[in-house]
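Raw start06.cif, mmCIF, C-alpha atoms and all ligand atoms:
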```
data_run
#
loop_
_atom_site.label_atom_id
_atom_site.label_comp_id
_atom_site.auth_asym_id
_atom_site.auth_seq_id
_atom_site.Cartn_x
_atom_site.Cartn_y
_atom_site.Cartn_z
CA MET A 1 -13.08 12.54 -12.51
CA VAL A 2 -13.58 14.49 -15.72
CA LEU A 3 -12.47 13.61 -19.23
CA LEU A 4 -9.40 15.40 -20.48
CA SER A 5 -8.37 17.30 -23.57
CA LYS A 6 -5.39 15.94 -25.55
CA PRO A 7 -2.83 18.39 -24.06
CA ALA A 8 -4.08 17.62 -20.56
CA LEU A 9 -3.43 13.97 -21.29
CA GLU A 10 0.27 14.66 -21.63
CA GLN A 11 0.76 14.86 -17.90
CA PHE A 12 -0.10 11.16 -17.57
CA SER A 13 2.11 8.17 -18.22
CA PHE A 14 1.14 5.27 -20.43
CA ILE A 15 2.37 1.77 -20.98
CA ARG A 16 3.15 0.99 -24.60
CA ASN A 17 2.71 -2.40 -26.27
CA ARG A 18 -0.76 -2.89 -25.02
CA LYS A 19 -1.49 -6.59 -24.95
CA PRO A 20 -4.35 -8.54 -23.41
CA THR A 21 -3.54 -9.01 -19.73
CA THR A 22 -1.99 -12.35 -18.86
CA PHE A 23 -2.21 -13.03 -15.17
CA PHE A 24 0.67 -14.53 -13.24
CA SER A 25 -0.28 -17.77 -11.54
CA GLY A 26 2.78 -18.04 -9.29
CA ILE A 27 1.85 -15.57 -6.54
CA PRO A 28 2.52 -17.26 -3.18
CA LEU A 29 -0.67 -18.17 -1.37
CA ILE A 30 -0.59 -18.09 2.43
CA ASP A 31 -3.35 -19.74 4.45
CA LEU A 32 -3.31 -17.93 7.79
CA SER A 33 -5.22 -20.75 9.47
CA LYS A 34 -2.22 -23.08 9.00
CA PRO A 35 0.65 -22.46 11.48
CA ASP A 36 3.02 -24.14 9.01
CA SER A 37 2.49 -21.23 6.62
CA LYS A 38 5.30 -19.36 8.39
CA HIS A 39 7.91 -21.08 6.20
CA LEU A 40 6.05 -20.27 2.98
CA LEU A 41 5.66 -16.75 4.24
CA VAL A 42 9.42 -16.30 4.71
CA GLU A 43 10.06 -17.75 1.24
CA ALA A 44 7.49 -15.39 -0.30
CA CYS A 45 9.05 -12.35 1.37
CA GLU A 46 12.52 -13.39 0.20
CA GLU A 47 11.53 -14.09 -3.39
CA PHE A 48 8.76 -11.59 -4.13
CA GLY A 49 8.18 -9.35 -1.09
CA PHE A 50 4.56 -10.06 -1.93
CA PHE A 51 1.94 -12.72 -1.29
CA LYS A 52 -1.78 -13.37 -1.14
CA VAL A 53 -3.55 -14.26 2.10
CA ILE A 54 -6.65 -16.43 2.60
CA ASN A 55 -8.48 -17.30 5.83
CA HIS A 56 -7.50 -13.83 6.97
CA GLY A 57 -10.16 -13.42 9.64
CA VAL A 58 -11.41 -10.00 8.48
CA PRO A 59 -15.23 -10.26 8.43
CA MET A 60 -16.63 -9.80 4.92
CA GLU A 61 -19.22 -7.48 6.47
CA PHE A 62 -16.47 -5.00 7.49
CA ILE A 63 -14.99 -5.11 4.00
CA SER A 64 -18.31 -4.56 2.19
CA LYS A 65 -19.38 -1.76 4.51
CA LEU A 66 -16.19 0.20 4.02
CA GLU A 67 -16.15 -0.44 0.29
CA SER A 68 -19.67 0.88 -0.02
CA GLU A 69 -18.77 3.99 2.05
CA ALA A 70 -15.79 4.51 -0.27
CA VAL A 71 -17.94 4.15 -3.40
CA ASN A 72 -20.45 6.67 -1.95
CA PHE A 73 -17.67 9.11 -1.18
CA PHE A 74 -16.08 8.87 -4.64
CA SER A 75 -19.53 9.34 -6.27
CA LEU A 76 -19.91 12.78 -4.65
CA PRO A 77 -19.45 15.87 -6.85
CA LEU A 78 -15.80 16.92 -7.13
CA SER A 79 -16.53 20.17 -5.27
CA GLU A 80 -17.74 18.18 -2.25
CA LYS A 81 -14.74 15.83 -2.24
CA GLU A 82 -12.37 18.77 -2.57
CA LYS A 83 -13.66 20.09 0.75
CA VAL A 84 -11.36 17.50 2.37
CA GLY A 85 -8.44 18.13 0.06
CA PRO A 86 -5.78 18.69 -1.06
CA PRO A 87 -3.87 16.07 0.93
CA SER A 88 -1.28 17.63 3.23
CA PRO A 89 -0.37 14.79 3.44
CA PHE A 90 -3.82 13.50 4.55
CA GLY A 91 -7.10 14.19 2.79
CA TYR A 92 -8.66 13.85 -0.65
CA GLY A 93 -6.35 13.82 -3.65
CA ASN A 94 -7.15 13.75 -7.34
CA LYS A 95 -4.49 12.74 -9.93
CA SER A 96 -1.66 14.33 -7.93
CA ILE A 97 0.25 11.84 -5.76
CA GLY A 98 2.52 13.30 -3.10
CA GLN A 99 3.93 16.83 -3.30
CA ASN A 100 6.61 16.32 -5.93
CA GLY A 101 4.88 16.24 -9.29
CA ASP A 102 3.71 12.62 -9.57
CA VAL A 103 0.37 12.10 -11.27
CA GLY A 104 -1.82 9.09 -11.91
CA TRP A 105 -5.32 8.27 -13.10
CA VAL A 106 -6.55 7.94 -9.55
CA GLU A 107 -8.45 9.76 -6.85
CA TYR A 108 -7.95 8.83 -3.23
CA LEU A 109 -8.47 9.51 0.44
CA LEU A 110 -5.33 9.30 2.51
CA LEU A 111 -5.91 9.10 6.26
CA ASN A 112 -3.87 8.55 9.35
CA THR A 113 -5.26 5.84 11.56
CA ASN A 114 -5.86 8.23 14.43
CA GLN A 115 -9.65 8.11 14.58
CA GLU A 116 -10.07 11.52 16.24
CA SER A 117 -8.59 13.50 13.39
CA ILE A 118 -10.59 11.54 10.81
CA SER A 119 -13.94 12.31 12.38
CA GLN A 120 -13.30 16.01 12.81
CA ARG A 121 -12.09 16.73 9.32
CA PHE A 122 -14.51 14.50 7.48
CA SER A 123 -17.80 15.23 9.13
CA SER A 124 -18.70 17.83 6.45
CA VAL A 125 -18.45 15.40 3.51
CA PHE A 126 -19.97 12.42 5.22
CA GLY A 127 -23.18 14.45 5.36
CA ASP A 128 -25.92 13.47 7.75
CA ASN A 129 -24.15 10.36 9.01
CA PRO A 130 -20.37 10.79 9.37
CA GLU A 131 -20.53 8.30 12.22
CA LYS A 132 -21.34 5.52 9.71
CA PHE A 133 -18.14 6.12 7.78
CA ARG A 134 -16.11 6.43 10.97
CA CYS A 135 -17.49 3.13 12.33
CA ALA A 136 -16.88 1.29 9.06
CA LEU A 137 -13.33 2.62 8.98
CA ASN A 138 -12.68 1.83 12.61
CA ASP A 139 -13.96 -1.78 12.33
CA TYR A 140 -12.01 -2.40 9.17
CA VAL A 141 -8.73 -0.85 10.32
CA SER A 142 -8.83 -2.68 13.68
CA ALA A 143 -9.40 -6.05 11.97
CA VAL A 144 -6.72 -5.46 9.34
CA LYS A 145 -4.21 -4.27 11.93
CA LYS A 146 -4.84 -7.48 13.90
CA MET A 147 -4.16 -9.52 10.76
CA ALA A 148 -1.01 -7.49 10.04
CA CYS A 149 0.29 -8.27 13.56
CA GLU A 150 -0.46 -12.00 13.14
CA ILE A 151 1.41 -12.04 9.85
CA LEU A 152 4.37 -10.17 11.36
CA GLU A 153 4.49 -12.65 14.24
CA MET A 154 4.43 -15.59 11.83
CA MET A 155 7.29 -13.92 9.94
CA ALA A 156 9.30 -13.55 13.17
CA ASP A 157 8.67 -17.25 13.93
CA GLY A 158 9.64 -18.24 10.40
CA LEU A 159 12.87 -16.25 10.78
CA LYS A 160 13.47 -18.01 14.13
CA LEU A 161 13.67 -14.68 15.97
CA GLN A 162 13.52 -14.95 19.76
CA GLN A 163 11.07 -12.09 20.16
CA ARG A 164 8.00 -12.98 18.12
CA ASN A 165 6.57 -9.48 18.55
CA VAL A 166 9.72 -7.72 17.35
CA PHE A 167 7.85 -6.37 14.28
CA SER A 168 4.24 -6.44 15.49
CA LYS A 169 4.96 -4.35 18.59
CA LEU A 170 5.73 -1.41 16.30
CA LEU A 171 2.20 -1.49 14.88
CA MET A 172 0.67 -2.13 18.32
CA ASP A 173 2.42 0.91 19.80
CA GLU A 174 -0.01 3.75 20.56
CA GLN A 175 2.28 6.07 18.64
CA SER A 176 2.43 3.81 15.57
CA ASP A 177 2.53 6.00 12.46
CA SER A 178 0.21 3.88 10.32
CA VAL A 179 -1.66 5.17 7.30
CA PHE A 180 -4.82 4.12 5.50
CA ARG A 181 -5.67 4.78 1.90
CA LEU A 182 -8.78 4.39 -0.27
CA ASN A 183 -8.02 4.52 -4.00
CA HIS A 184 -10.50 4.85 -6.85
CA TYR A 185 -9.34 4.29 -10.44
CA PRO A 186 -12.16 5.26 -12.81
CA PRO A 187 -12.20 3.36 -16.12
CA CYS A 188 -11.03 5.42 -19.07
CA PRO A 189 -12.13 3.59 -22.25
CA GLU A 190 -12.09 6.72 -24.46
CA ILE A 191 -8.50 7.62 -23.60
CA GLU A 192 -7.23 4.09 -23.99
CA ALA A 193 -9.02 3.69 -27.32
CA LEU A 194 -7.52 6.98 -28.48
CA THR A 195 -3.97 6.10 -27.52
CA ASP A 196 -4.15 2.29 -27.65
CA GLN A 197 -2.12 2.18 -24.47
CA ASN A 198 -2.75 1.50 -20.79
CA MET A 199 -2.73 4.48 -18.50
CA ILE A 200 -0.80 4.46 -15.26
CA GLY A 201 -3.20 4.68 -12.34
CA PHE A 202 -0.52 4.63 -9.63
CA GLY A 203 3.11 4.78 -10.73
CA GLU A 204 5.75 2.26 -9.72
CA HIS A 205 7.05 2.50 -6.17
CA THR A 206 7.84 0.60 -3.02
CA ASP A 207 5.87 1.25 0.16
CA PRO A 208 8.02 2.91 2.84
CA GLN A 209 6.41 1.35 5.93
CA ILE A 210 6.82 -2.13 7.45
CA ILE A 211 3.93 -3.94 5.83
CA SER A 212 0.97 -3.04 3.57
CA LEU A 213 -2.27 -5.01 3.41
CA LEU A 214 -4.27 -4.41 0.27
CA ARG A 215 -7.81 -5.41 -0.56
CA SER A 216 -9.42 -4.48 -3.87
CA ASN A 217 -12.64 -5.15 -5.67
CA ASN A 218 -12.54 -7.66 -8.52
CA THR A 219 -10.98 -5.23 -11.02
CA SER A 220 -7.49 -5.98 -12.31
CA GLY A 221 -4.68 -3.42 -12.48
CA LEU A 222 -2.12 -4.25 -9.80
CA GLN A 223 1.27 -5.32 -11.12
CA ILE A 224 4.42 -6.28 -9.26
CA SER A 225 7.98 -6.25 -10.47
CA LEU A 226 10.01 -9.47 -10.28
CA SER A 227 13.73 -9.56 -9.45
CA ASP A 228 14.58 -9.62 -13.20
CA GLY A 229 12.73 -6.29 -13.63
CA SER A 230 9.75 -7.77 -15.52
CA TRP A 231 6.22 -6.76 -14.57
CA ILE A 232 3.52 -9.30 -13.84
CA SER A 233 -0.22 -8.75 -13.45
CA VAL A 234 -1.79 -9.87 -10.20
CA PRO A 235 -5.15 -11.64 -10.68
CA PRO A 236 -7.68 -9.65 -8.61
CA ASP A 237 -9.45 -11.45 -5.78
CA GLN A 238 -11.95 -9.52 -3.71
CA ASN A 239 -12.08 -12.22 -1.02
CA SER A 240 -8.36 -12.19 -0.25
CA PHE A 241 -5.73 -9.73 0.89
CA PHE A 242 -2.44 -8.97 -0.82
CA VAL A 243 0.55 -8.17 1.34
CA ASN A 244 3.56 -6.02 0.41
CA VAL A 245 6.84 -6.02 2.30
CA GLY A 246 7.72 -2.35 2.91
CA ASP A 247 11.15 -0.68 2.92
CA SER A 248 11.37 -0.68 6.73
CA LEU A 249 10.95 -4.45 6.89
CA GLN A 250 13.61 -4.87 4.20
CA VAL A 251 15.98 -2.88 6.44
CA MET A 252 15.07 -4.72 9.67
CA THR A 253 15.68 -8.08 7.96
CA ASN A 254 19.01 -6.75 6.60
CA GLY A 255 17.79 -7.15 3.02
CA ARG A 256 16.60 -10.73 3.46
CA PHE A 257 13.01 -9.67 2.77
CA LYS A 258 12.53 -7.51 -0.31
CA SER A 259 10.22 -4.52 -0.47
CA VAL A 260 8.19 -5.11 -3.61
CA ARG A 261 8.07 -2.58 -6.47
CA HIS A 262 4.49 -2.32 -7.68
CA ARG A 263 2.17 -0.13 -9.75
CA VAL A 264 -1.42 0.03 -10.93
CA LEU A 265 -2.58 0.23 -14.56
CA THR A 266 -6.11 1.43 -15.15
CA ASN A 267 -8.70 -0.98 -16.40
CA SER A 268 -10.46 0.44 -19.45
CA MET A 269 -13.83 -1.08 -18.59
CA LYS A 270 -14.25 -1.25 -14.82
CA ALA A 271 -13.48 1.01 -11.88
CA ARG A 272 -10.95 -0.33 -9.39
CA VAL A 273 -11.44 0.43 -5.71
CA SER A 274 -8.68 -0.53 -3.32
CA MET A 275 -8.16 -0.07 0.40
CA ILE A 276 -4.68 -0.29 1.84
CA TYR A 277 -3.45 -0.34 5.42
CA PHE A 278 0.20 0.70 5.73
CA GLY A 279 1.55 -0.49 9.08
CA GLY A 280 4.29 1.85 10.24
CA PRO A 281 6.42 2.29 13.39
CA PRO A 282 6.28 5.26 15.80
CA LEU A 283 8.08 8.34 14.43
CA CYS A 284 10.84 8.14 17.06
CA GLU A 285 11.50 4.43 16.43
CA LYS A 286 15.03 3.48 15.35
CA ILE A 287 15.01 1.34 12.22
CA ALA A 288 18.07 -0.86 11.70
CA PRO A 289 18.89 -4.46 10.80
CA LEU A 290 18.09 -6.84 13.70
CA PRO A 291 21.38 -8.05 15.27
CA SER A 292 20.36 -11.71 14.89
CA LEU A 293 19.88 -11.20 11.14
CA ILE A 294 23.30 -9.60 10.74
CA LYS A 295 25.29 -12.32 12.54
CA GLY A 296 28.23 -13.36 10.41
CA LYS A 297 27.26 -10.86 7.72
CA GLU A 298 27.62 -7.15 7.15
CA SER A 299 24.93 -4.73 8.14
CA LEU A 300 23.60 -3.37 4.85
CA TYR A 301 21.92 -0.29 6.31
CA LYS A 302 22.70 2.59 8.64
CA GLU A 303 20.41 3.16 11.60
CA PHE A 304 17.77 5.86 11.13
CA THR A 305 14.56 6.90 12.79
CA TRP A 306 11.24 6.42 11.01
CA PHE A 307 10.86 10.21 11.20
CA GLU A 308 14.12 10.67 9.23
CA TYR A 309 13.07 8.10 6.65
CA LYS A 310 9.62 9.56 6.23
CA ARG A 311 10.95 13.10 5.89
CA SER A 312 13.25 11.94 3.12
CA ALA A 313 10.44 9.88 1.50
CA TYR A 314 8.13 12.86 1.38
CA SER A 315 10.71 14.85 -0.53
CA SER A 316 11.25 12.03 -3.05
CA ARG A 317 9.47 11.12 -6.29
CA LEU A 318 7.22 8.09 -6.25
CA ALA A 319 9.52 5.85 -8.32
CA ASP A 320 12.72 6.72 -6.40
CA ASN A 321 14.67 4.08 -4.54
CA ARG A 322 14.34 5.65 -1.11
CA LEU A 323 16.67 3.19 0.61
CA VAL A 324 19.88 4.14 -1.23
CA LEU A 325 20.44 7.08 1.12
CA PHE A 326 20.49 4.70 4.06
CA GLU A 327 22.68 1.97 2.61
CA ARG A 328 26.07 1.31 4.16
CA ILE A 329 28.89 1.42 1.68
CA ALA A 330 30.54 -2.02 1.87
CA ALA A 331 34.06 -1.85 3.35
CA SER A 332 36.60 -3.11 0.82
C1 LIG B 1 5.33 10.75 -4.14
C2 LIG B 1 5.03 10.35 -2.92
C3 LIG B 1 3.68 9.81 -2.50
C4 LIG B 1 4.02 9.11 -1.22
C5 LIG B 1 4.97 10.08 -0.61
C6 LIG B 1 5.96 10.28 -1.77
O1 LIG B 1 6.75 11.44 -1.66
C7 LIG B 1 6.84 9.04 -1.85
C8 LIG B 1 6.18 7.80 -1.21
C9 LIG B 1 4.70 7.73 -1.55
C10 LIG B 1 3.96 6.70 -0.72
C11 LIG B 1 3.86 5.31 -1.39
C12 LIG B 1 3.09 4.36 -0.49
C13 LIG B 1 1.88 4.99 0.18
C14 LIG B 1 2.15 6.42 0.71
C15 LIG B 1 0.97 6.95 1.49
C16 LIG B 1 3.43 6.45 1.49
O2 LIG B 1 3.53 6.36 2.69
O3 LIG B 1 4.49 6.61 0.63
C17 LIG B 1 2.58 7.28 -0.50
C18 LIG B 1 2.84 8.77 -0.28
C19 LIG B 1 1.61 9.64 -0.59
O4 LIG B 1 0.75 9.25 -1.37
O5 LIG B 1 1.56 10.76 -0.07
O1 LIG B 2 -4.48 0.79 -5.44
C1 LIG B 2 -3.78 -0.21 -5.45
O2 LIG B 2 -4.18 -1.30 -5.79
C2 LIG B 2 -2.33 -0.08 -5.00
C3 LIG B 2 -1.96 1.34 -4.67
C4 LIG B 2 -0.66 1.45 -3.95
O3 LIG B 2 0.26 0.76 -4.25
C5 LIG B 2 -0.51 2.44 -2.87
O4 LIG B 2 -1.48 3.20 -2.58
O5 LIG B 2 0.57 2.47 -2.25
FE FE B 3 1.91 0.94 -2.83
#
```
Produce structure tokens that represent the structure in this file.
Amino acid sequence: MVLLSKPALEQFSFIRNRKPTTFFSGIPLIDLSKPDSKHLLVEACEEFGFFKVINHGVPMEFISKLESEAVNFFSLPLSEKEKVGPPSPFGYGNKSIGQNGDVGWVEYLLLNTNQESISQRFSSVFGDNPEKFRCALNDYVSAVKKMACEILEMMADGLKLQQRNVFSKLLMDEQSDSVFRLNHYPPCPEIEALTDQNMIGFGEHTDPQIISLLRSNNTSGLQISLSDGSWISVPPDQNSFFVNVGDSLQVMTNGRFKSVRHRVLTNSMKARVSMIYFGGPPLCEKIAPLPSLIKGKESLYKEFTWFEYKRSAYSSRLADNRLVLFERIAAS
């Protein structure tokens, strides 16, 4: 990324009242090796829509290999990276997020998890060994998807649902519309010194899918919003995964689980590199509250297909509440 002139800076958002970061120590910690974690997991999804996972089973080798491929890619000259951009919606993006005017201090690669299309489009930038990137991606995504399914099955158990694969089967489906994203947030010490504010790397939003699994290097920046609207900084941990409840899971649990609003502030000293797997259902899948989670209550959402939701998401701004369109108006 290149440094910007003052007028060019105006397109970015900043956070005022810059204070030294204080990290929140109350993020729920889920140990996947303990079957009893299912209760903690349900509590975490109800209170925060967010938690940290240890003993996740993803080999460190897979993580390091993909991270190093990502670092290599982002170190290429801009002209090379732009050969696989702009994202439509997949591909390399720089500062622009989505198609509707959102910008952040970030560059990224947005991919669908269909390996065929990745290899074809990316072979030019991955130079003499595109296979290496493809393998690293494949190993990582398969391991993370497995973890996502385990977590979703523990959630179903914790919710006492009869069908423990009610959520995970959507990710396991061949047609699952899952997405993978590599984000790079370069440090920007000059800009932050000039303005004495933190820049927004990735503006506030909720993830539309069912579940997102995020792994970052040891650079801070991720913040989540609590139910009172305050923002808290998540202590980075390169050995763990962070999990977000997505909008679709909020709907399927009839609002019992909350999709977490989150954002990323840039770190003025260190680059942040994150890799996120967004587990989504097939496009034709009907998303609606599960009957057993409505019992005795009102259904809070109308039924819609993932295709309908996604179409509406892609015409929204990042910070929009995308679920309002699908809420049922309570009968009075
Ligand atoms: C501004 C946008 C970017 C986004 C598509 C959208 O129109 C609204 C949702 C955004 C988001 C957030 C989570 C990850 C992501 C890939 C997704 O599925 O929805 C992004 C989309 C994107 O970056 O294209
Ligand atoms: O890069 C991060 O740490 C989070 C980014 C994010 O929330 C997203 O890509 O949806
Ligand atoms: Fe996100």
Contact check, chain A to ligand LIG 1 (chain B), at most 9 Å, counting all atoms listed in the file, closest pairs as a tab-separated table:
```
residue	atom	partner	partner_atom	distance
A:Pro87	CA	B:LIG1	O5	7.7
A:Ser88	CA	B:LIG1	O5	8.1
A:Pro89	CA	B:LIG1	O5	5.7
A:Phe90	CA	B:LIG1	O5	7.6
A:Gly93	CA	B:LIG1	O4	8.7
A:Ser96	CA	B:LIG1	O4	8.6
A:Ile97	CA	B:LIG1	O4	5.1
A:Gly98	CA	B:LIG1	C3	3.7
A:Gln99	CA	B:LIG1	C1	6.3
A:Asn100	CA	B:LIG1	C1	6.0
A:Gly101	CA	B:LIG1	C1	7.5
A:Asp102	CA	B:LIG1	C1	6.0
A:Val103	CA	B:LIG1	C1	8.8
A:Tyr108	CA	B:LIG1	O4	8.9
A:Leu110	CA	B:LIG1	C15	6.8
A:Leu111	CA	B:LIG1	C15	8.6
A:Ser178	CA	B:LIG1	O2	8.7
A:Val179	CA	B:LIG1	C15	6.6
A:Phe180	CA	B:LIG1	C15	7.6
A:Arg181	CA	B:LIG1	C15	7.0
A:His205	CA	B:LIG1	C11	6.4
A:Thr206	CA	B:LIG1	C11	6.4
A:Asp207	CA	B:LIG1	C12	4.2
A:Pro208	CA	B:LIG1	O3	5.6
A:Gln209	CA	B:LIG1	O2	6.6
A:Ser212	CA	B:LIG1	C12	8.7
A:Gly246	CA	B:LIG1	C12	8.8
A:Ile276	CA	B:LIG1	C13	8.6
A:Phe278	CA	B:LIG1	C13	7.2
A:Gly280	CA	B:LIG1	O2	8.8
A:Lys310	CA	B:LIG1	O2	7.7
A:Arg311	CA	B:LIG1	O1	8.8
A:Ser312	CA	B:LIG1	O1	8.1
A:Ala313	CA	B:LIG1	C7	5.0
A:Tyr314	CA	B:LIG1	O1	3.6
A:Ser315	CA	B:LIG1	O1	5.3
A:Ser316	CA	B:LIG1	O1	4.7
A:Arg317	CA	B:LIG1	C1	4.7
A:Leu318	CA	B:LIG1	C1	3.9
A:Ala319	CA	B:LIG1	C1	7.7
A:Asp320	CA	B:LIG1	C7	7.8
A:Arg322	CA	B:LIG1	C7	8.3
```
Can I get the selection written as a PDB file, keeping the file's coordinate frame, with C-alpha atoms?
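Result file is again-v7.pdb:
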```pdb
ATOM      1  CA  PRO A  87      -3.870  16.070   0.930  1.00  0.00           C
ATOM      2  CA  SER A  88      -1.280  17.630   3.230  1.00  0.00           C
ATOM      3  CA  PRO A  89      -0.370  14.790   3.440  1.00  0.00           C
ATOM      4  CA  PHE A  90      -3.820  13.500   4.550  1.00  0.00           C
ATOM      5  CA  GLY A  93      -6.350  13.820  -3.650  1.00  0.00           C
ATOM      6  CA  SER A  96      -1.660  14.330  -7.930  1.00  0.00           C
ATOM      7  CA  ILE A  97       0.250  11.840  -5.760  1.00  0.00           C
ATOM      8  CA  GLY A  98       2.520  13.300  -3.100  1.00  0.00           C
ATOM      9  CA  GLN A  99       3.930  16.830  -3.300  1.00  0.00           C
ATOM     10  CA  ASN A 100       6.610  16.320  -5.930  1.00  0.00           C
ATOM     11  CA  GLY A 101       4.880  16.240  -9.290  1.00  0.00           C
ATOM     12  CA  ASP A 102       3.710  12.620  -9.570  1.00  0.00           C
ATOM     13  CA  VAL A 103       0.370  12.100 -11.270  1.00  0.00           C
ATOM     14  CA  TYR A 108      -7.950   8.830  -3.230  1.00  0.00           C
ATOM     15  CA  LEU A 110      -5.330   9.300   2.510  1.00  0.00           C
ATOM     16  CA  LEU A 111      -5.910   9.100   6.260  1.00  0.00           C
ATOM     17  CA  SER A 178       0.210   3.880  10.320  1.00  0.00           C
ATOM     18  CA  VAL A 179      -1.660   5.170   7.300  1.00  0.00           C
ATOM     19  CA  PHE A 180      -4.820   4.120   5.500  1.00  0.00           C
ATOM     20  CA  ARG A 181      -5.670   4.780   1.900  1.00  0.00           C
ATOM     21  CA  HIS A 205       7.050   2.500  -6.170  1.00  0.00           C
ATOM     22  CA  THR A 206       7.840   0.600  -3.020  1.00  0.00           C
ATOM     23  CA  ASP A 207       5.870   1.250   0.160  1.00  0.00           C
ATOM     24  CA  PRO A 208       8.020   2.910   2.840  1.00  0.00           C
ATOM     25  CA  GLN A 209       6.410   1.350   5.930  1.00  0.00           C
ATOM     26  CA  SER A 212       0.970  -3.040   3.570  1.00  0.00           C
ATOM     27  CA  GLY A 246       7.720  -2.350   2.910  1.00  0.00           C
ATOM     28  CA  ILE A 276      -4.680  -0.290   1.840  1.00  0.00           C
ATOM     29  CA  PHE A 278       0.200   0.700   5.730  1.00  0.00           C
ATOM     30  CA  GLY A 280       4.290   1.850  10.240  1.00  0.00           C
ATOM     31  CA  LYS A 310       9.620   9.560   6.230  1.00  0.00           C
ATOM     32  CA  ARG A 311      10.950  13.100   5.890  1.00  0.00           C
ATOM     33  CA  SER A 312      13.250  11.940   3.120  1.00  0.00           C
ATOM     34  CA  ALA A 313      10.440   9.880   1.500  1.00  0.00           C
ATOM     35  CA  TYR A 314       8.130  12.860   1.380  1.00  0.00           C
ATOM     36  CA  SER A 315      10.710  14.850  -0.530  1.00  0.00           C
ATOM     37  CA  SER A 316      11.250  12.030  -3.050  1.00  0.00           C
ATOM     38  CA  ARG A 317       9.470  11.120  -6.290  1.00  0.00           C
ATOM     39  CA  LEU A 318       7.220   8.090  -6.250  1.00  0.00           C
ATOM     40  CA  ALA A 319       9.520   5.850  -8.320  1.00  0.00           C
ATOM     41  CA  ASP A 320      12.720   6.720  -6.400  1.00  0.00           C
ATOM     42  CA  ARG A 322      14.340   5.650  -1.110  1.00  0.00           C
TER      43      ARG A 322
END
```
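The contact shell of ligand LIG 2 (chain B), defined as all polymer residues within 6 Å when all atoms listed in the file are used, comprises Asn183, Asp207, Leu222, Arg263, Val264 and Ser274 of chain A.
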Go ahead and write the selection's residues with C-alpha atoms as a PDB file, in the coordinates of the input.
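Saved the output as selection.pdb:
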```pdb
ATOM      1  CA  ASN A 183      -8.020   4.520  -4.000  1.00  0.00           C
ATOM      2  CA  ASP A 207       5.870   1.250   0.160  1.00  0.00           C
ATOM      3  CA  LEU A 222      -2.120  -4.250  -9.800  1.00  0.00           C
ATOM      4  CA  ARG A 263       2.170  -0.130  -9.750  1.00  0.00           C
ATOM      5  CA  VAL A 264      -1.420   0.030 -10.930  1.00  0.00           C
ATOM      6  CA  SER A 274      -8.680  -0.530  -3.320  1.00  0.00           C
TER       7      SER A 274
END
```
Handout entry: Polymer residues at most 10 Å from stretch 295-299 of chain A, all atoms listed in the file, same-chain spacing of 6 or more positions, as an MDAnalysis selection string
Key = chainID A and resid 251:255 288:289 327:331
Practice task
Write out as an NGL selection string which residues come within 12 Å of A:Tyr185 when counting all atoms listed in the file, dropping same-chain ones fewer than 4 positions away.
Solution key: :A and (1 or 71 or 74 or 94-95 or 104-108 or 199-202 or 216-217 or 219-222 or 264-275)
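Nearest-residue note for ligand FE 3 (chain B): choosing from A:Phe242, A:Tyr309, A:Phe326, A:Tyr92, the minimum distance belongs to A:Phe242, counting only C-alpha atoms and all ligand atoms.
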